[in-house]
Amino acid sequence: MADYPLKRLRRLRYNPLVRNMIRETHLNKEDLIYPLFVCPGEKVKNEVKSMPGVYQMSIDVLVEECKDVEALGIPAVILFGIPEHKDEEGTEGYRDDGIIQKAIRGIKAEVKNLLVITDVCLCEYTSHGHCGLLDGEIILNDETVSLLAKMAISHCQAGADIIAPSDMMDGRVLAIRKSLDYMGFTHIPIMSYAVKYSSGYYGPFRDAADSSPAFGDRRSHQMDIANSDEAMREAYSDVDEGADIIMVKPAGAYLDIIYRVKQELEMPVAAYQVSGEYSMIKAAARLGWIDEERIMIESLTAIKRAGADIILTYYAKDAASYIDKTK
Ligand code: PBG
Ligand code: ZN
């Protein structure tokens, strides 16, 4: 290979048109999924203290928000519910008149060109804030999986387009796939939170969804942050169980995992830029220590460059506006 002075890498960097021409990674609006939090009431729009620009919204406000999201050209939202009542078994999570089920129907009645994805886990609905049914302080796997399957069916019956289980119980993708197929929802894809770490970056989300565990933590089901081979075991097992899209979460601190999953599985890969990642950028920007727009685009581009096809991000609307502005 030629060396300096024949090779000059700067040649392709002088002219912005040339730079754009050889750019390897492009953020597209089609890549984005916007997370939304839905709560009871009317005309409610509560900003989440630890997540500036993110709101808990009642269904009427949520539907208007979804119209804006659709108009911006973002293809999908993922919904998280804050129920009216929480109980030990998280029953509002799988009731036909639960908050999410009503929200899906509300959106579907008025917004035509938007995918509604639902998060399937019990922690938003249980009084103890754990992701499953408890026996004392132990989370019961198989009993929880049955309820998750019920929840997934009720979401599909309300009109959900994609189901996203985030609980990390063993065998839940297979159970959900079988239940959906049995109920006639063979065409509904599963986007599995396959590689979900037990991460400190979820802190602000638990304020937003009011889902902090009353005791203990999530280490008995979410992954050890130190593991990479185990990520592959999780990803392969979800593919075997019928997952259509594999998610890695969080994103920014796990780019090596995104890369490895994409390279080895050759499947559609989603990555979730989680609440803590968003809030850290917001906080530093508010202090005037970083340029928010640059860091937003840099963090999202890095996630895409690592191998993510799809990015779940609280910055979806800002990123879509940026893409419009710079196109
Ligand atoms: C529910 C769920 C969580 C997130 C997505 N689905 C919280 C958790 O596992 O504690 C986190 C998303 C974020 O931090 O933005 N299991
Ligand atoms: Zn959970």
# chains A, B, ... in the order shown; residues from 1 in each chain; ligands from 1
call {"tool": "residues_near_ligand", "arguments": {"ligand": "ligand 2", "cutoff": "6 Å", "atoms": "only C-alpha atoms and all ligand atoms", "output": "PDB file with C-alpha atoms, in the first residue's frame"}}
result
ATOM      1  CA  CYS A 121     -42.665  -6.368  32.008  1.00  0.00           C
ATOM      2  CA  LEU A 122     -44.420  -6.412  35.368  1.00  0.00           C
ATOM      3  CA  CYS A 123     -42.307  -3.840  37.234  1.00  0.00           C
ATOM      4  CA  CYS A 131     -40.291  -7.509  37.296  1.00  0.00           C
ATOM      5  CA  ASP A 167     -38.283  -8.604  31.874  1.00  0.00           C
TER       6      ASP A 167
END
call {"tool": "residues_around", "arguments": {"residues": "Asp244 of chain A", "least_positions_apart": "6", "cutoff": "9 Å", "atoms": "only C-alpha atoms", "output": "PyMOL selection string"}}
result
chain A and resi 189-192+238+267-268
call {"tool": "write_last_selection", "arguments": {"atoms": "C-alpha atoms", "output": "PDB file, in the first residue's frame"}}
result
ATOM      1  CA  PRO A 189     -42.921  -9.394  15.578  1.00  0.00           C
ATOM      2  CA  ILE A 190     -41.122  -9.723  18.905  1.00  0.00           C
ATOM      3  CA  MET A 191     -38.351  -7.239  19.625  1.00  0.00           C
ATOM      4  CA  SER A 192     -36.651  -8.850  22.583  1.00  0.00           C
ATOM      5  CA  ASP A 238     -33.867 -15.444  22.240  1.00  0.00           C
ATOM      6  CA  MET A 267     -30.072 -10.248  12.724  1.00  0.00           C
ATOM      7  CA  PRO A 268     -31.777  -6.862  13.020  1.00  0.00           C
TER       8      PRO A 268
END
call {"tool": "select_by_dssp", "arguments": {"residues": "segment 19-197 of chain A", "states": "strand (DSSP E)", "output": "number ranges by chain"}}
result
A: 32-38, 45-48, 51-57, 76-81, 115-120, 134-135, 138-139, 162-165, 191-196
call {"tool": "closest_residue", "arguments": {"among": "A:Gly41, A:Gly307, A:Gly81, A:Gly159", "to": "ligand 1", "atoms": "only C-alpha atoms and all ligand atoms"}}
result
A:Gly81
call {"tool": "closest_residue", "arguments": {"among": "A:Arg13, A:Lys325, A:His130, A:Lys317", "to": "Glu70 of chain A", "atoms": "only C-alpha atoms"}}
result
A:Lys317
call {"tool": "closest_atom_pairs", "arguments": {"of": "chain A", "to": "ligand 1", "cutoff": "10 Å", "atoms": "only C-alpha atoms and all ligand atoms", "output": "JSON lines"}}
result
{"residue": "A:Pro35", "atom": "CA", "partner": "ligand 1", "partner_atom_place_in_ligand_line": "15 (O)", "distance": 8.1}
{"residue": "A:Met51", "atom": "CA", "partner": "ligand 1", "partner_atom_place_in_ligand_line": "15 (O)", "distance": 9.7}
{"residue": "A:Ile78", "atom": "CA", "partner": "ligand 1", "partner_atom_place_in_ligand_line": "5 (C)", "distance": 9.7}
{"residue": "A:Leu79", "atom": "CA", "partner": "ligand 1", "partner_atom_place_in_ligand_line": "6 (N)", "distance": 9.6}
{"residue": "A:Phe80", "atom": "CA", "partner": "ligand 1", "partner_atom_place_in_ligand_line": "6 (N)", "distance": 7.7}
{"residue": "A:Thr118", "atom": "CA", "partner": "ligand 1", "partner_atom_place_in_ligand_line": "6 (N)", "distance": 9.8}
{"residue": "A:Asp119", "atom": "CA", "partner": "ligand 1", "partner_atom_place_in_ligand_line": "6 (N)", "distance": 6.3}
{"residue": "A:Val120", "atom": "CA", "partner": "ligand 1", "partner_atom_place_in_ligand_line": "1 (C)", "distance": 7.5}
{"residue": "A:Cys121", "atom": "CA", "partner": "ligand 1", "partner_atom_place_in_ligand_line": "16 (N)", "distance": 5.3}
{"residue": "A:Leu122", "atom": "CA", "partner": "ligand 1", "partner_atom_place_in_ligand_line": "16 (N)", "distance": 7.3}
{"residue": "A:Cys123", "atom": "CA", "partner": "ligand 1", "partner_atom_place_in_ligand_line": "16 (N)", "distance": 6.0}
{"residue": "A:Glu124", "atom": "CA", "partner": "ligand 1", "partner_atom_place_in_ligand_line": "1 (C)", "distance": 6.9}
{"residue": "A:Gly129", "atom": "CA", "partner": "ligand 1", "partner_atom_place_in_ligand_line": "10 (O)", "distance": 9.0}
{"residue": "A:His130", "atom": "CA", "partner": "ligand 1", "partner_atom_place_in_ligand_line": "16 (N)", "distance": 8.6}
{"residue": "A:Cys131", "atom": "CA", "partner": "ligand 1", "partner_atom_place_in_ligand_line": "16 (N)", "distance": 6.3}
{"residue": "A:Gly132", "atom": "CA", "partner": "ligand 1", "partner_atom_place_in_ligand_line": "16 (N)", "distance": 9.8}
{"residue": "A:Ala164", "atom": "CA", "partner": "ligand 1", "partner_atom_place_in_ligand_line": "6 (N)", "distance": 9.0}
{"residue": "A:Pro165", "atom": "CA", "partner": "ligand 1", "partner_atom_place_in_ligand_line": "16 (N)", "distance": 8.2}
{"residue": "A:Ser166", "atom": "CA", "partner": "ligand 1", "partner_atom_place_in_ligand_line": "16 (N)", "distance": 4.9}
{"residue": "A:Asp167", "atom": "CA", "partner": "ligand 1", "partner_atom_place_in_ligand_line": "16 (N)", "distance": 5.2}
{"residue": "A:Met168", "atom": "CA", "partner": "ligand 1", "partner_atom_place_in_ligand_line": "16 (N)", "distance": 8.1}
{"residue": "A:Tyr193", "atom": "CA", "partner": "ligand 1", "partner_atom_place_in_ligand_line": "6 (N)", "distance": 8.4}
{"residue": "A:Lys196", "atom": "CA", "partner": "ligand 1", "partner_atom_place_in_ligand_line": "9 (O)", "distance": 7.9}
{"residue": "A:Tyr197", "atom": "CA", "partner": "ligand 1", "partner_atom_place_in_ligand_line": "9 (O)", "distance": 8.5}
{"residue": "A:Ser198", "atom": "CA", "partner": "ligand 1", "partner_atom_place_in_ligand_line": "9 (O)", "distance": 7.5}
{"residue": "A:Ser199", "atom": "CA", "partner": "ligand 1", "partner_atom_place_in_ligand_line": "10 (O)", "distance": 8.1}
{"residue": "A:Gly200", "atom": "CA", "partner": "ligand 1", "partner_atom_place_in_ligand_line": "14 (O)", "distance": 8.6}
{"residue": "A:Tyr201", "atom": "CA", "partner": "ligand 1", "partner_atom_place_in_ligand_line": "14 (O)", "distance": 6.0}
{"residue": "A:Tyr202", "atom": "CA", "partner": "ligand 1", "partner_atom_place_in_ligand_line": "14 (O)", "distance": 3.4}
{"residue": "A:Gly203", "atom": "CA", "partner": "ligand 1", "partner_atom_place_in_ligand_line": "14 (O)", "distance": 6.4}
{"residue": "A:Pro204", "atom": "CA", "partner": "ligand 1", "partner_atom_place_in_ligand_line": "14 (O)", "distance": 6.4}
{"residue": "A:Phe205", "atom": "CA", "partner": "ligand 1", "partner_atom_place_in_ligand_line": "14 (O)", "distance": 4.4}
{"residue": "A:Arg206", "atom": "CA", "partner": "ligand 1", "partner_atom_place_in_ligand_line": "7 (C)", "distance": 6.3}
{"residue": "A:Asp207", "atom": "CA", "partner": "ligand 1", "partner_atom_place_in_ligand_line": "14 (O)", "distance": 9.6}
{"residue": "A:Ala208", "atom": "CA", "partner": "ligand 1", "partner_atom_place_in_ligand_line": "15 (O)", "distance": 8.9}
{"residue": "A:Ala209", "atom": "CA", "partner": "ligand 1", "partner_atom_place_in_ligand_line": "7 (C)", "distance": 8.2}
{"residue": "A:Asp210", "atom": "CA", "partner": "ligand 1", "partner_atom_place_in_ligand_line": "7 (C)", "distance": 9.8}
{"residue": "A:Ser211", "atom": "CA", "partner": "ligand 1", "partner_atom_place_in_ligand_line": "10 (O)", "distance": 7.0}
{"residue": "A:Ser212", "atom": "CA", "partner": "ligand 1", "partner_atom_place_in_ligand_line": "10 (O)", "distance": 7.0}
{"residue": "A:Pro213", "atom": "CA", "partner": "ligand 1", "partner_atom_place_in_ligand_line": "10 (O)", "distance": 8.3}
{"residue": "A:Asp217", "atom": "CA", "partner": "ligand 1", "partner_atom_place_in_ligand_line": "10 (O)", "distance": 8.9}
{"residue": "A:Arg218", "atom": "CA", "partner": "ligand 1", "partner_atom_place_in_ligand_line": "10 (O)", "distance": 7.3}
{"residue": "A:His221", "atom": "CA", "partner": "ligand 1", "partner_atom_place_in_ligand_line": "9 (O)", "distance": 9.8}
{"residue": "A:Gln222", "atom": "CA", "partner": "ligand 1", "partner_atom_place_in_ligand_line": "9 (O)", "distance": 7.8}
{"residue": "A:Lys249", "atom": "CA", "partner": "ligand 1", "partner_atom_place_in_ligand_line": "11 (C)", "distance": 8.1}
{"residue": "A:Pro250", "atom": "CA", "partner": "ligand 1", "partner_atom_place_in_ligand_line": "14 (O)", "distance": 7.7}
{"residue": "A:Tyr272", "atom": "CA", "partner": "ligand 1", "partner_atom_place_in_ligand_line": "15 (O)", "distance": 7.3}
{"residue": "A:Gln273", "atom": "CA", "partner": "ligand 1", "partner_atom_place_in_ligand_line": "15 (O)", "distance": 6.9}
{"residue": "A:Val274", "atom": "CA", "partner": "ligand 1", "partner_atom_place_in_ligand_line": "15 (O)", "distance": 3.5}
{"residue": "A:Ser275", "atom": "CA", "partner": "ligand 1", "partner_atom_place_in_ligand_line": "15 (O)", "distance": 3.6}
{"residue": "A:Gly276", "atom": "CA", "partner": "ligand 1", "partner_atom_place_in_ligand_line": "14 (O)", "distance": 6.2}
{"residue": "A:Glu277", "atom": "CA", "partner": "ligand 1", "partner_atom_place_in_ligand_line": "15 (O)", "distance": 8.1}
{"residue": "A:Tyr278", "atom": "CA", "partner": "ligand 1", "partner_atom_place_in_ligand_line": "15 (O)", "distance": 8.2}
{"residue": "A:Ser279", "atom": "CA", "partner": "ligand 1", "partner_atom_place_in_ligand_line": "15 (O)", "distance": 9.6}
{"residue": "A:Leu312", "atom": "CA", "partner": "ligand 1", "partner_atom_place_in_ligand_line": "15 (O)", "distance": 8.8}
{"residue": "A:Thr313", "atom": "CA", "partner": "ligand 1", "partner_atom_place_in_ligand_line": "15 (O)", "distance": 8.0}
{"residue": "A:Tyr314", "atom": "CA", "partner": "ligand 1", "partner_atom_place_in_ligand_line": "15 (O)", "distance": 7.9}
call {"tool": "residues_around", "arguments": {"residues": "Arg260 of chain A", "least_positions_apart": "3", "cutoff": "12 Å", "atoms": "only C-alpha atoms", "output": "ChimeraX atom specification"}}
result
/A:195,228-233,235,248,254-257,263-267,269,306-308
call {"tool": "write_last_selection", "arguments": {"atoms": "N, CA, C and O atoms", "output": "mmCIF file, in the first residue's frame"}}
result
data_model
loop_
_atom_site.group_PDB
_atom_site.id
_atom_site.type_symbol
_atom_site.label_atom_id
_atom_site.label_comp_id
_atom_site.auth_asym_id
_atom_site.auth_seq_id
_atom_site.Cartn_x
_atom_site.Cartn_y
_atom_site.Cartn_z
ATOM 1 N N VAL A 195 -30.395 -8.656 25.495
ATOM 2 C CA VAL A 195 -29.155 -8.405 26.220
ATOM 3 C C VAL A 195 -29.370 -7.148 27.046
ATOM 4 O O VAL A 195 -29.125 -6.030 26.602
ATOM 5 N N SER A 228 -19.595 -10.454 28.444
ATOM 6 C CA SER A 228 -19.793 -10.317 27.002
ATOM 7 C C SER A 228 -20.167 -11.657 26.356
ATOM 8 O O SER A 228 -21.089 -11.727 25.536
ATOM 9 N N ASP A 229 -19.495 -12.761 26.728
ATOM 10 C CA ASP A 229 -19.887 -14.090 26.208
ATOM 11 C C ASP A 229 -21.331 -14.391 26.579
ATOM 12 O O ASP A 229 -22.106 -14.937 25.781
ATOM 13 N N GLU A 230 -21.693 -14.017 27.805
ATOM 14 C CA GLU A 230 -23.060 -14.278 28.268
ATOM 15 C C GLU A 230 -24.085 -13.513 27.422
ATOM 16 O O GLU A 230 -25.203 -13.987 27.216
ATOM 17 N N ALA A 231 -23.674 -12.354 26.920
ATOM 18 C CA ALA A 231 -24.569 -11.592 26.043
ATOM 19 C C ALA A 231 -24.909 -12.419 24.807
ATOM 20 O O ALA A 231 -26.046 -12.427 24.329
ATOM 21 N N MET A 232 -23.912 -13.139 24.301
ATOM 22 C CA MET A 232 -24.154 -13.972 23.118
ATOM 23 C C MET A 232 -25.085 -15.134 23.456
ATOM 24 O O MET A 232 -25.946 -15.487 22.658
ATOM 25 N N ARG A 233 -24.908 -15.718 24.636
ATOM 26 C CA ARG A 233 -25.830 -16.805 25.026
ATOM 27 C C ARG A 233 -27.265 -16.284 25.125
ATOM 28 O O ARG A 233 -28.209 -16.933 24.677
ATOM 29 N N ALA A 235 -28.523 -13.666 23.557
ATOM 30 C CA ALA A 235 -28.999 -13.292 22.225
ATOM 31 C C ALA A 235 -29.376 -14.541 21.423
ATOM 32 O O ALA A 235 -30.464 -14.608 20.837
ATOM 33 N N VAL A 248 -29.984 -4.600 22.508
ATOM 34 C CA VAL A 248 -28.925 -4.466 23.506
ATOM 35 C C VAL A 248 -29.220 -3.198 24.305
ATOM 36 O O VAL A 248 -29.566 -2.162 23.739
ATOM 37 N N TYR A 254 -22.012 0.090 25.964
ATOM 38 C CA TYR A 254 -22.011 -1.314 25.534
ATOM 39 C C TYR A 254 -21.856 -1.446 24.016
ATOM 40 O O TYR A 254 -22.400 -2.357 23.411
ATOM 41 N N LEU A 255 -21.069 -0.525 23.428
ATOM 42 C CA LEU A 255 -20.895 -0.545 21.976
ATOM 43 C C LEU A 255 -20.195 -1.825 21.523
ATOM 44 O O LEU A 255 -20.455 -2.329 20.425
ATOM 45 N N ASP A 256 -19.318 -2.354 22.377
ATOM 46 C CA ASP A 256 -18.645 -3.618 22.028
ATOM 47 C C ASP A 256 -19.663 -4.763 21.916
ATOM 48 O O ASP A 256 -19.532 -5.649 21.063
ATOM 49 N N ILE A 257 -20.678 -4.715 22.754
ATOM 50 C CA ILE A 257 -21.703 -5.766 22.741
ATOM 51 C C ILE A 257 -22.584 -5.623 21.495
ATOM 52 O O ILE A 257 -22.904 -6.608 20.820
ATOM 53 N N GLN A 263 -22.353 -8.594 14.475
ATOM 54 C CA GLN A 263 -21.428 -9.396 13.666
ATOM 55 C C GLN A 263 -21.775 -10.873 13.708
ATOM 56 O O GLN A 263 -21.795 -11.547 12.689
ATOM 57 N N GLU A 264 -22.050 -11.383 14.907
ATOM 58 C CA GLU A 264 -22.225 -12.827 15.047
ATOM 59 C C GLU A 264 -23.628 -13.299 14.665
ATOM 60 O O GLU A 264 -23.780 -14.382 14.110
ATOM 61 N N LEU A 265 -24.656 -12.504 14.958
ATOM 62 C CA LEU A 265 -26.021 -13.008 14.737
ATOM 63 C C LEU A 265 -26.565 -12.732 13.342
ATOM 64 O O LEU A 265 -27.436 -13.453 12.866
ATOM 65 N N GLU A 266 -26.092 -11.641 12.732
ATOM 66 C CA GLU A 266 -26.640 -11.249 11.427
ATOM 67 C C GLU A 266 -28.161 -11.155 11.479
ATOM 68 O O GLU A 266 -28.879 -11.717 10.650
ATOM 69 N N MET A 267 -28.635 -10.478 12.520
ATOM 70 C CA MET A 267 -30.072 -10.248 12.724
ATOM 71 C C MET A 267 -30.281 -8.734 12.842
ATOM 72 O O MET A 267 -29.331 -8.010 13.111
ATOM 73 N N VAL A 269 -30.666 -5.571 14.743
ATOM 74 C CA VAL A 269 -30.258 -5.259 16.114
ATOM 75 C C VAL A 269 -30.768 -3.871 16.494
ATOM 76 O O VAL A 269 -30.598 -2.908 15.741
ATOM 77 N N ALA A 306 -21.579 1.182 15.579
ATOM 78 C CA ALA A 306 -21.255 -0.093 16.238
ATOM 79 C C ALA A 306 -22.043 -1.253 15.635
ATOM 80 O O ALA A 306 -21.626 -2.401 15.726
ATOM 81 N N GLY A 307 -23.199 -0.944 15.029
ATOM 82 C CA GLY A 307 -23.951 -2.026 14.389
ATOM 83 C C GLY A 307 -25.440 -2.003 14.624
ATOM 84 O O GLY A 307 -26.161 -2.889 14.138
ATOM 85 N N ALA A 308 -25.954 -1.027 15.367
ATOM 86 C CA ALA A 308 -27.394 -0.994 15.616
ATOM 87 C C ALA A 308 -28.136 -0.560 14.353
ATOM 88 O O ALA A 308 -27.752 0.406 13.704
#
call {"tool": "atom_distance", "arguments": {"atom1": "atom CA of Val38 of chain A", "atom2": "atom CA of Ser179 of chain A"}}
result
25.7 Å
call {"tool": "residues_around", "arguments": {"residues": "Ile99 of chain A", "least_positions_apart": "3", "cutoff": "12 Å", "atoms": "only C-alpha atoms", "output": "ChimeraX atom specification"}}
result
/A:37-41,57-59,62,79-86,91-96,102-106,118,124-125,151,154-155,158
call {"tool": "atom_distance", "arguments": {"atom1": "atom CA of Val77 of chain A", "atom2": "atom CA of His26 of chain A"}}
result
20.8 Å
call {"tool": "residues_around", "arguments": {"residues": "Lys67 of chain A", "least_positions_apart": "2", "cutoff": "10 Å", "atoms": "only C-alpha atoms", "output": "short mmCIF file (atom, residue, chain, number, x, y, z; two decimals) with all heavy atoms, in the first residue's frame"}}
result
data_model
loop_
_atom_site.label_atom_id
_atom_site.label_comp_id
_atom_site.auth_asym_id
_atom_site.auth_seq_id
_atom_site.Cartn_x
_atom_site.Cartn_y
_atom_site.Cartn_z
N LEU A 62 -51.08 12.21 25.03
CA LEU A 62 -50.24 11.21 24.34
C LEU A 62 -50.62 11.10 22.87
O LEU A 62 -49.75 11.02 21.99
CB LEU A 62 -50.41 9.86 25.03
CG LEU A 62 -49.64 8.69 24.43
CD1 LEU A 62 -48.23 8.63 25.01
CD2 LEU A 62 -50.35 7.37 24.68
N VAL A 63 -51.92 11.08 22.59
CA VAL A 63 -52.37 10.93 21.20
C VAL A 63 -51.91 12.14 20.37
O VAL A 63 -51.43 11.98 19.25
CB VAL A 63 -53.90 10.75 21.14
CG1 VAL A 63 -54.41 10.85 19.71
CG2 VAL A 63 -54.30 9.42 21.77
N GLU A 64 -52.01 13.34 20.95
CA GLU A 64 -51.53 14.54 20.24
C GLU A 64 -50.02 14.45 20.00
O GLU A 64 -49.53 14.80 18.93
CB GLU A 64 -51.89 15.82 21.02
CG GLU A 64 -53.39 16.11 21.09
CD GLU A 64 -54.07 16.08 19.71
OE1 GLU A 64 -53.59 16.77 18.79
OE2 GLU A 64 -55.09 15.35 19.57
N GLU A 65 -49.33 13.99 21.02
CA GLU A 65 -47.87 13.82 20.90
C GLU A 65 -47.53 12.84 19.76
O GLU A 65 -46.61 13.08 18.97
CB GLU A 65 -47.32 13.30 22.24
CG GLU A 65 -45.84 13.00 22.26
CD GLU A 65 -44.96 14.25 22.27
OE1 GLU A 65 -45.50 15.36 22.41
OE2 GLU A 65 -43.73 14.10 22.11
N VAL A 69 -45.13 13.15 16.47
CA VAL A 69 -44.07 12.18 16.19
C VAL A 69 -44.22 11.65 14.76
O VAL A 69 -43.25 11.57 14.00
CB VAL A 69 -44.11 11.02 17.22
CG1 VAL A 69 -43.15 9.91 16.84
CG2 VAL A 69 -43.80 11.54 18.62
N GLU A 70 -45.46 11.34 14.38
CA GLU A 70 -45.74 10.86 13.03
C GLU A 70 -45.37 11.94 11.99
O GLU A 70 -44.71 11.64 10.98
CB GLU A 70 -47.23 10.51 12.91
CG GLU A 70 -47.65 10.04 11.53
CD GLU A 70 -49.17 10.00 11.38
OE1 GLU A 70 -49.86 10.93 11.86
OE2 GLU A 70 -49.68 9.04 10.79
N ALA A 71 -45.76 13.18 12.29
CA ALA A 71 -45.48 14.28 11.35
C ALA A 71 -43.98 14.51 11.17
O ALA A 71 -43.53 14.91 10.10
CB ALA A 71 -46.16 15.57 11.83
N LEU A 72 -43.21 14.24 12.20
CA LEU A 72 -41.75 14.38 12.11
C LEU A 72 -41.10 13.27 11.28
O LEU A 72 -39.93 13.33 10.95
CB LEU A 72 -41.13 14.35 13.51
CG LEU A 72 -40.98 15.68 14.23
CD1 LEU A 72 -40.61 15.45 15.70
CD2 LEU A 72 -39.92 16.55 13.56
N ILE A 107 -54.37 5.76 20.40
CA ILE A 107 -53.44 6.13 19.32
C ILE A 107 -53.92 5.56 17.99
O ILE A 107 -53.99 6.26 16.97
CB ILE A 107 -52.00 5.62 19.61
CG1 ILE A 107 -51.44 6.27 20.87
CG2 ILE A 107 -51.08 5.90 18.42
CD1 ILE A 107 -50.16 5.61 21.40
N GLU A 110 -56.54 7.37 16.00
CA GLU A 110 -56.30 8.70 15.43
C GLU A 110 -55.00 8.85 14.64
O GLU A 110 -54.84 9.81 13.89
CB GLU A 110 -56.32 9.76 16.54
CG GLU A 110 -57.69 9.87 17.19
CD GLU A 110 -57.88 11.20 17.87
OE1 GLU A 110 -57.48 12.23 17.30
OE2 GLU A 110 -58.43 11.19 18.99
N VAL A 111 -54.07 7.94 14.83
CA VAL A 111 -52.77 8.09 14.17
C VAL A 111 -52.53 6.85 13.31
O VAL A 111 -52.41 5.76 13.83
CB VAL A 111 -51.63 8.25 15.21
CG1 VAL A 111 -50.36 8.71 14.54
CG2 VAL A 111 -52.03 9.23 16.30
N LYS A 112 -52.48 7.06 12.01
CA LYS A 112 -52.47 5.90 11.11
C LYS A 112 -51.09 5.36 10.78
O LYS A 112 -50.90 4.16 10.62
CB LYS A 112 -53.20 6.26 9.79
CG LYS A 112 -54.69 6.47 9.96
CD LYS A 112 -55.40 5.19 10.44
CE LYS A 112 -56.71 5.55 11.14
NZ LYS A 112 -57.04 4.70 12.29
N ASN A 113 -50.13 6.28 10.69
CA ASN A 113 -48.84 5.87 10.13
C ASN A 113 -47.74 5.82 11.19
O ASN A 113 -46.68 6.40 11.04
CB ASN A 113 -48.47 6.85 9.01
CG ASN A 113 -47.67 6.16 7.92
OD1 ASN A 113 -47.56 4.94 7.89
ND2 ASN A 113 -47.09 6.96 7.05
N LEU A 114 -48.03 5.12 12.27
CA LEU A 114 -47.09 5.06 13.39
C LEU A 114 -47.16 3.67 14.02
O LEU A 114 -48.25 3.18 14.33
CB LEU A 114 -47.48 6.13 14.42
CG LEU A 114 -46.55 6.31 15.61
CD1 LEU A 114 -45.22 6.96 15.19
CD2 LEU A 114 -47.22 7.17 16.69
#
call {"tool": "closest_residue", "arguments": {"among": "A:Ala2, A:Leu27, A:Ala251, A:Ile139", "to": "Thr326 of chain A", "atoms": "only C-alpha atoms"}}
result
A:Leu27
call {"tool": "select_by_dssp", "arguments": {"residues": "segment 57-291 of chain A", "states": "helix (DSSP H, G or I)", "output": "PyMOL selection string"}}
result
chain A and resi 59-71+91-93+99-110+141-158+172-182+200-208+229-240+252-265+275-286
call {"tool": "closest_residue", "arguments": {"among": "A:Ser50, A:Ile246, A:Tyr315, A:Leu140", "to": "Ala283 of chain A", "atoms": "only C-alpha atoms"}}
result
A:Ser50
call {"tool": "atom_distance", "arguments": {"atom1": "atom CA of Leu134 of chain A", "atom2": "atom CA of Arg172 of chain A"}}
result
16.6 Å
